[in-house]
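Colleague: For reference, the file target14.txt (compact mmCIF, C-alpha atoms) is included below:
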```
# COMPACT_ATOMS: atom_id res chain seq x y z
CA MET R 20 -15.73 13.64 36.45
CA ASN R 21 -14.41 13.29 32.92
CA SER R 22 -14.09 9.80 31.58
CA PHE R 23 -11.50 9.20 28.88
CA LEU R 24 -11.37 6.66 26.10
CA ILE R 25 -7.94 6.37 24.50
CA ILE R 26 -7.91 4.76 21.07
CA SER R 27 -4.73 3.27 19.66
CA ARG R 28 -4.25 1.76 16.18
CA ALA R 29 -0.48 1.31 16.20
CA ALA R 30 1.69 -1.76 16.62
CA PRO R 31 4.35 -1.42 19.34
CA TYR R 32 7.97 -0.31 18.70
CA GLY R 33 7.58 0.65 15.02
CA SER R 34 6.72 4.16 16.21
CA ALA R 35 6.27 5.96 19.54
CA ALA R 36 2.46 5.84 19.21
CA ALA R 37 1.85 2.73 21.35
CA ARG R 38 4.03 4.08 24.15
CA GLU R 39 2.33 7.47 23.99
CA ALA R 40 -1.12 5.88 24.30
CA LEU R 41 0.03 3.98 27.40
CA GLU R 42 1.63 7.09 28.90
CA LEU R 43 -1.56 9.03 28.34
CA ALA R 44 -3.67 6.30 29.99
CA LEU R 45 -1.37 6.27 33.03
CA ALA R 46 -1.32 10.08 33.20
CA CYS R 47 -5.15 10.20 33.18
CA ALA R 48 -5.22 7.59 35.95
CA LEU R 49 -2.70 9.56 38.02
CA PHE R 50 -5.11 12.49 37.97
CA ASP R 51 -7.90 10.18 39.12
CA ARG R 52 -9.73 10.28 35.81
CA GLU R 53 -11.68 7.29 34.72
CA VAL R 54 -9.89 5.91 31.70
CA ALA R 55 -10.28 3.03 29.28
CA LEU R 56 -8.12 1.86 26.37
CA LEU R 57 -9.43 0.69 23.02
CA LEU R 58 -7.02 -1.22 20.78
CA LEU R 59 -7.92 -1.31 17.10
CA ASP R 60 -6.17 -2.82 14.07
CA ASP R 61 -2.41 -3.41 14.57
CA ALA R 62 -2.67 -2.08 18.15
CA VAL R 63 -3.92 -5.54 19.18
CA TYR R 64 -0.29 -6.65 18.67
CA GLN R 65 0.69 -4.46 21.65
CA LEU R 66 -0.60 -7.22 23.92
CA LEU R 67 1.36 -10.16 22.48
CA PRO R 68 3.20 -11.69 25.45
CA GLU R 69 6.97 -11.86 25.78
CA HIS R 70 8.31 -8.77 24.07
CA SER R 71 12.13 -8.66 24.06
CA PRO R 72 13.05 -5.32 22.49
CA ALA R 73 16.63 -5.13 23.84
CA GLY R 74 17.92 -6.24 20.44
CA ILE R 75 16.41 -3.17 18.75
CA GLY R 76 17.50 -0.80 21.53
CA GLN R 77 14.03 -0.07 22.89
CA LYS R 78 12.45 -0.29 26.32
CA ASN R 79 9.98 -3.08 26.95
CA LEU R 80 6.39 -1.84 26.96
CA ALA R 81 5.23 -4.85 28.99
CA ALA R 82 6.16 -3.28 32.35
CA MET R 83 4.00 -0.25 31.57
CA GLN R 84 1.16 -2.49 30.40
CA GLN R 85 1.31 -4.59 33.55
CA SER R 86 1.10 -1.42 35.67
CA LEU R 87 -2.25 -0.43 34.13
CA PRO R 88 -4.38 -2.46 36.60
CA LEU R 89 -2.32 -1.05 39.51
CA TYR R 90 -3.43 2.43 38.44
CA ASP R 91 -7.05 1.24 38.13
CA VAL R 92 -6.97 1.18 34.35
CA GLU R 93 -8.88 -2.03 34.15
CA LYS R 94 -10.94 -1.54 31.06
CA ILE R 95 -8.99 -2.60 28.01
CA TYR R 96 -11.18 -3.13 24.98
CA VAL R 97 -9.92 -4.86 21.87
CA CYS R 98 -11.67 -4.95 18.53
CA GLN R 99 -12.85 -8.49 17.88
CA SER R 100 -12.60 -8.18 14.11
CA SER R 101 -9.04 -6.78 14.37
CA LEU R 102 -8.08 -9.87 16.39
CA GLU R 103 -9.72 -12.24 13.93
CA ALA R 104 -8.11 -10.52 10.94
CA ARG R 105 -4.72 -11.26 12.53
CA GLY R 106 -5.44 -14.81 13.67
CA LEU R 107 -5.29 -13.87 17.39
CA ARG R 108 -7.48 -14.91 20.30
CA PRO R 109 -8.16 -12.76 23.40
CA GLU R 110 -6.87 -15.57 25.67
CA ALA R 111 -3.45 -15.33 24.01
CA LEU R 112 -2.95 -11.72 25.10
CA ALA R 113 -0.83 -10.50 28.01
CA LEU R 114 -3.67 -8.75 29.91
CA PRO R 115 -7.35 -9.52 30.41
CA VAL R 116 -9.29 -7.69 27.70
CA THR R 117 -12.90 -7.15 26.71
CA PRO R 118 -13.48 -7.93 23.03
CA VAL R 119 -15.88 -5.54 21.31
CA ASP R 120 -17.50 -6.03 17.94
CA PRO R 121 -17.87 -3.12 15.53
CA GLN R 122 -21.58 -2.84 16.43
CA SER R 123 -20.63 -2.13 20.08
CA LEU R 124 -18.27 0.73 19.22
CA LYS R 125 -21.09 3.29 19.09
CA ALA R 126 -22.18 2.46 22.62
CA LEU R 127 -18.59 2.39 23.87
CA LEU R 128 -17.91 5.89 22.53
CA ARG R 129 -21.12 7.23 24.01
CA GLU R 130 -20.10 5.94 27.45
CA HIS R 131 -17.13 8.33 27.49
CA GLU R 132 -16.92 12.11 27.55
CA ALA R 133 -13.47 12.57 26.02
CA ILE R 134 -12.16 10.38 23.23
CA ILE R 135 -8.55 10.63 22.16
CA ASN R 136 -6.96 8.92 19.16
CA VAL R 137 -3.24 8.47 19.65
CA MET E 19 25.36 -10.15 -9.51
CA SER E 20 21.93 -11.27 -10.68
CA ASP E 21 19.45 -8.67 -11.88
CA SER E 22 17.26 -9.03 -8.83
CA THR E 23 15.63 -6.75 -6.29
CA LEU E 24 15.42 -6.89 -2.50
CA HIS E 25 11.98 -5.73 -1.35
CA ILE E 26 12.05 -4.44 2.23
CA LEU E 27 8.68 -4.05 3.97
CA ASN E 28 8.41 -2.30 7.34
CA ARG E 29 4.64 -1.83 7.72
CA GLY E 30 2.20 -4.33 9.18
CA PRO E 31 -1.37 -5.41 8.42
CA ASN E 32 -2.69 -1.86 8.98
CA GLN E 33 -1.43 -1.27 5.44
CA PRO E 34 -2.60 -4.27 3.37
CA ASP E 35 -2.37 -2.29 0.13
CA LEU E 36 1.34 -1.80 0.66
CA LEU E 37 1.94 -5.57 0.75
CA GLN E 38 -0.18 -5.97 -2.38
CA HIS E 39 1.86 -3.34 -4.26
CA LEU E 40 5.05 -5.13 -3.22
CA LEU E 41 3.74 -8.50 -4.42
CA ASP E 42 2.56 -6.97 -7.70
CA ALA E 43 5.99 -5.42 -8.24
CA MET E 44 7.97 -8.61 -7.63
CA SER E 45 9.84 -10.38 -10.40
CA GLU E 46 11.14 -13.95 -10.35
CA GLY E 47 14.32 -14.17 -8.30
CA ASP E 48 13.43 -11.19 -6.11
CA GLN E 49 13.59 -11.51 -2.33
CA ILE E 50 11.31 -10.04 0.35
CA LEU E 51 12.71 -8.98 3.73
CA LEU E 52 10.24 -8.21 6.52
CA ILE E 53 11.51 -5.72 9.13
CA GLU E 54 10.04 -3.59 11.96
CA ASP E 55 6.20 -3.75 11.89
CA GLY E 56 6.45 -5.72 8.64
CA ILE E 57 7.37 -8.84 10.64
CA TYR E 58 3.70 -9.38 11.57
CA TRP E 59 3.15 -10.56 8.00
CA ALA E 60 5.34 -13.57 8.87
CA SER E 61 2.73 -15.02 11.24
CA GLU E 62 1.10 -18.26 10.10
CA HIS E 63 -2.18 -16.42 9.63
CA PHE E 64 -0.82 -14.50 6.61
CA ALA E 65 1.52 -17.12 5.12
CA GLU E 66 -0.71 -17.90 2.11
CA ARG E 67 -0.60 -14.33 0.87
CA PHE E 68 2.99 -14.78 -0.22
CA LEU E 69 2.20 -17.71 -2.53
CA LEU E 70 5.58 -19.03 -3.73
CA ALA E 71 7.65 -16.15 -2.36
CA ARG E 72 9.69 -17.03 0.71
CA PRO E 73 10.24 -13.82 2.67
CA LYS E 74 13.01 -13.54 5.22
CA VAL E 75 12.32 -11.99 8.61
CA LEU E 76 14.67 -9.80 10.66
CA ALA E 77 15.04 -11.78 13.90
CA ALA E 78 15.57 -8.86 16.31
CA ASP E 79 12.33 -7.21 15.17
CA ALA E 80 10.30 -10.42 15.57
CA GLU E 81 11.77 -11.09 19.03
CA ALA E 82 11.16 -7.49 20.11
CA ARG E 83 7.48 -7.79 19.29
CA GLY E 84 6.97 -11.25 20.77
CA LEU E 85 5.87 -12.80 17.49
CA THR E 86 6.28 -16.57 17.61
CA ASN E 87 5.23 -19.29 15.14
CA LEU E 88 6.91 -17.55 12.23
CA SER E 89 6.20 -19.11 8.87
CA PHE E 90 9.51 -17.99 7.36
CA GLU E 91 13.24 -18.10 8.02
CA THR E 92 14.79 -15.38 10.19
CA VAL E 93 17.99 -13.47 9.45
CA ASP E 94 20.27 -11.26 11.54
CA ASP E 95 21.70 -7.81 10.81
CA GLY E 96 24.76 -9.31 9.07
CA ASP E 97 22.48 -11.27 6.72
CA PHE E 98 20.54 -8.05 6.06
CA VAL E 99 23.75 -6.43 4.78
CA GLU E 100 24.54 -9.49 2.64
CA LEU E 101 21.05 -9.45 1.13
CA CYS E 102 21.53 -5.80 0.18
CA VAL E 103 24.85 -6.61 -1.48
CA GLU E 104 23.61 -9.75 -3.27
CA HIS E 105 20.77 -7.95 -5.03
CA ARG E 106 21.31 -5.37 -7.73
CA ARG E 107 18.84 -2.97 -6.13
CA SER E 108 16.73 -2.67 -3.02
CA VAL E 109 13.40 -0.98 -2.50
CA SER E 110 11.88 0.04 0.84
CA TRP E 111 8.10 -0.20 0.87
CA CYS E 112 6.95 2.21 3.55
```
Any chance you could put this one into structure tokens?

Modeller:
Amino acid sequence: MNSFLIISRAAPYGSAAAREALELALACALFDREVALLLLDDAVYQLLPEHSPAGIGQKNLAAMQQSLPLYDVEKIYVCQSSLEARGLRPEALALPVTPVDPQSLKALLREHEAIINV
Amino acid sequence: MSDSTLHILNRGPNQPDLLQHLLDAMSEGDQILLIEDGIYWASEHFAERFLLARPKVLAADAEARGLTNLSFETVDDGDFVELCVEHRRSVSWC
């Protein structure tokens, strides 16, 4: 069974990239693939709570994010140094996440067979 | 109309060099407006980078992204238009 690691570096709403990473994670889960998400750099902002994008004419990503555990996408890794560089703490995020330090990235990549940067 | 420039920034901390170029290019009397992913620069964590500059933040973009504890004043779309008119020129850093 293939296991997928989806890597996102993009903040939400400024481009379609964050939505596409989520869609890909959910699509992998629908086909019963093991899938994990890794949020690097500005992608850690995807998990700020209380998005209200109606004012910019976009759909809220939070509903999709909250559906991840329902589709058994339970492994969401966030880069610890990306959080620190932005003054964020893992507890402040909208979903439970596993912080990883840059030294753990090698092992994380080696745990997966397919790695996709979105 | 004063001889000033409106600097519009729409990229976030993934592009730190872009903010630095903007700050280097600023003259006295210029105004910064943070929009889209640029609003993340308005979080308390980055406030010191702006030194004496007081950026304005487009409210709808900050609300969309759930960014609270903004260090700077927010403006709406009508204010955005006024800022463009008040300044002799505008530059989009993107």

Colleague: For each of R:Leu89, R:Leu66, R:Leu56, R:Ala73, take the minimum atom-to-atom distance to Val119 in chain R, counting all atoms listed in the file, then give the residue where this is smallest.

Modeller: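 Looking only at the distances to Val119 in chain R, the closest residue turns out to be R:Leu56.
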
Colleague: Select, from R:Asn136, R:Asn79, R:Ser22, R:Ser100, the residue with the minimum atom-to-atom distance to chain E, counting only C-alpha atoms.

Modeller: R:Asn79

Colleague: Within 12 Å of chain R, which residues of chain E are there when counting all atoms listed in the file? Please give them as a PyMOL selection string.

Modeller: chain E and resi 28-34+53-65+76-87+94-95+112

Colleague: Rounded to one decimal, what separation in Å do you get between CA of Ala40 in chain R and CA of Leu51 in chain E?

Modeller: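 Straight-line distance from CA of Ala40 in chain R to CA of Leu51 in chain E works out to 28.9 Å.
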
Colleague: Grab the CA of Glu104 in chain E to CA of Leu41 in chain E distance for me, in Å with one decimal place.

Modeller: 19.9 Å

Colleague: May I have the protein, DNA and RNA residues with an atom at most 6 Å from (-9.6, 4.6, 27.6), counting all atoms listed in the file in the file's coordinates, returned as a list of chain:residue names?

Modeller: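 Final list of nearby residues, as requested, is R:Phe23, R:Leu24, R:Ile25, R:Val54, R:Ala55, R:Leu56.
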
Colleague: I want to know what sits within 9 Å of range 20-22 of chain E, based on all atoms listed in the file, with residues of the same chain fewer than 5 positions away left out; could you give that as a PyMOL selection string?

Modeller: chain E and resi 45-49+104-108

Colleague: Grab the CA of Glu100 in chain E to CA of Asp35 in chain E distance for me, in Å with one decimal place.

Modeller: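 Computing it gives 28.0 Å between the two atoms.
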
Colleague: Gln122 in chain R: which residues within 12 Å, counting all atoms listed in the file, same-chain residues fewer than 5 positions away excluded, as a list in words?

Modeller: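 With the cut-off at 12 Å, the set is Cys98, Gln99, Ser100, Leu127 and Leu128 of chain R.
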
Colleague: Just want the 12 Å neighbourhood of Glu93 in chain R, counted on only C-alpha atoms, with same-chain residues fewer than 3 positions away dropped. Output as a JSON list (two decimals) with C-alpha atoms, keeping the file's coordinate frame.

Modeller:
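Below is the file that was written, out.json:
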```
[["chain", "number", "residue", "atom", "x", "y", "z"],
["R", 44, "ALA", "CA", -3.67, 6.30, 29.99],
["R", 45, "LEU", "CA", -1.37, 6.27, 33.03],
["R", 48, "ALA", "CA", -5.22, 7.59, 35.95],
["R", 53, "GLU", "CA", -11.68, 7.29, 34.72],
["R", 54, "VAL", "CA", -9.89, 5.91, 31.70],
["R", 55, "ALA", "CA", -10.28, 3.03, 29.28],
["R", 56, "LEU", "CA", -8.12, 1.86, 26.37],
["R", 57, "LEU", "CA", -9.43, 0.69, 23.02],
["R", 84, "GLN", "CA", 1.16, -2.49, 30.40],
["R", 85, "GLN", "CA", 1.31, -4.59, 33.55],
["R", 86, "SER", "CA", 1.10, -1.42, 35.67],
["R", 87, "LEU", "CA", -2.25, -0.43, 34.13],
["R", 88, "PRO", "CA", -4.38, -2.46, 36.60],
["R", 89, "LEU", "CA", -2.32, -1.05, 39.51],
["R", 90, "TYR", "CA", -3.43, 2.43, 38.44],
["R", 96, "TYR", "CA", -11.18, -3.13, 24.98],
["R", 114, "LEU", "CA", -3.67, -8.75, 29.91],
["R", 115, "PRO", "CA", -7.35, -9.52, 30.41],
["R", 116, "VAL", "CA", -9.29, -7.69, 27.70],
["R", 117, "THR", "CA", -12.90, -7.15, 26.71]]
```

Colleague: Please give the centre and size of the box around range 71-84 of chain E (axis-aligned, containing every atom listed in the file, 3 Å added per side), with values in Å to one decimal and written as JSON.

Modeller:
```
{"center_x": 11.3, "center_y": -12.1, "center_z": 9.2, "size_x": 14.6, "size_y": 15.8, "size_z": 29.1}
```

Colleague: Save range 54-83 of chain R to a file: N, CA and C atoms, as a compact mmCIF listing (two decimals), in the first residue's frame.

Modeller:
```txt
# COMPACT_ATOMS: atom_id res chain seq x y z
N VAL R 54 -2.18 8.60 4.30
CA VAL R 54 -1.72 9.92 3.89
C VAL R 54 -1.46 10.80 5.11
N ALA R 55 -0.39 11.58 5.00
CA ALA R 55 -0.05 12.54 6.05
C ALA R 55 0.22 13.89 5.39
N LEU R 56 -0.01 14.95 6.15
CA LEU R 56 0.23 16.31 5.66
C LEU R 56 1.42 16.90 6.41
N LEU R 57 2.26 17.61 5.69
CA LEU R 57 3.36 18.34 6.34
C LEU R 57 3.25 19.81 5.95
N LEU R 58 3.09 20.66 6.96
CA LEU R 58 2.95 22.10 6.71
C LEU R 58 4.26 22.81 7.04
N LEU R 59 4.83 23.44 6.02
CA LEU R 59 6.09 24.16 6.19
C LEU R 59 5.86 25.65 5.95
N ASP R 60 6.71 26.47 6.50
CA ASP R 60 6.73 27.92 6.22
C ASP R 60 5.33 28.52 6.41
N ASP R 61 4.88 29.35 5.45
CA ASP R 61 3.59 30.04 5.62
C ASP R 61 2.39 29.08 5.68
N ALA R 62 2.58 27.82 5.31
CA ALA R 62 1.47 26.86 5.39
C ALA R 62 1.00 26.66 6.83
N VAL R 63 1.85 26.96 7.80
CA VAL R 63 1.39 26.81 9.20
C VAL R 63 0.22 27.76 9.47
N TYR R 64 0.11 28.85 8.69
CA TYR R 64 -1.02 29.78 8.87
C TYR R 64 -2.36 29.16 8.44
N GLN R 65 -2.30 28.04 7.69
CA GLN R 65 -3.56 27.40 7.28
C GLN R 65 -4.38 26.98 8.50
N LEU R 66 -3.69 26.71 9.62
CA LEU R 66 -4.39 26.19 10.79
C LEU R 66 -4.67 27.24 11.86
N LEU R 67 -4.59 28.53 11.50
CA LEU R 67 -5.10 29.54 12.44
C LEU R 67 -6.60 29.32 12.58
N PRO R 68 -7.15 29.41 13.81
CA PRO R 68 -8.59 29.20 13.95
C PRO R 68 -9.37 30.41 13.45
N GLU R 69 -10.63 30.20 13.23
CA GLU R 69 -11.59 31.28 12.92
C GLU R 69 -11.30 32.05 11.65
N HIS R 70 -11.15 31.33 10.55
CA HIS R 70 -11.15 32.00 9.24
C HIS R 70 -12.54 32.56 8.97
N SER R 71 -12.63 33.73 8.36
CA SER R 71 -13.92 34.23 7.85
C SER R 71 -13.72 34.84 6.47
N PRO R 72 -13.60 33.99 5.44
CA PRO R 72 -13.24 34.50 4.12
C PRO R 72 -14.41 35.01 3.28
N ALA R 73 -15.61 35.13 3.87
CA ALA R 73 -16.75 35.61 3.08
C ALA R 73 -16.45 36.99 2.49
N GLY R 74 -15.78 37.83 3.26
CA GLY R 74 -15.49 39.20 2.82
C GLY R 74 -14.57 39.27 1.61
N ILE R 75 -13.83 38.21 1.31
CA ILE R 75 -12.98 38.22 0.11
C ILE R 75 -13.53 37.22 -0.92
N GLY R 76 -14.78 36.80 -0.71
CA GLY R 76 -15.45 35.97 -1.72
C GLY R 76 -14.87 34.58 -1.88
N GLN R 77 -14.32 34.03 -0.79
CA GLN R 77 -13.77 32.67 -0.88
C GLN R 77 -14.47 31.74 0.09
N LYS R 78 -14.37 30.44 -0.20
CA LYS R 78 -14.96 29.44 0.69
C LYS R 78 -14.02 29.16 1.85
N ASN R 79 -14.61 28.95 3.02
CA ASN R 79 -13.82 28.67 4.21
C ASN R 79 -13.13 27.31 4.10
N LEU R 80 -11.84 27.29 4.35
CA LEU R 80 -11.10 26.03 4.30
C LEU R 80 -11.28 25.21 5.57
N ALA R 81 -11.81 25.84 6.62
CA ALA R 81 -11.88 25.16 7.92
C ALA R 81 -12.73 23.89 7.86
N ALA R 82 -13.83 23.92 7.09
CA ALA R 82 -14.70 22.74 7.02
C ALA R 82 -13.94 21.55 6.44
N MET R 83 -13.14 21.83 5.39
CA MET R 83 -12.33 20.76 4.80
C MET R 83 -11.29 20.25 5.79
```
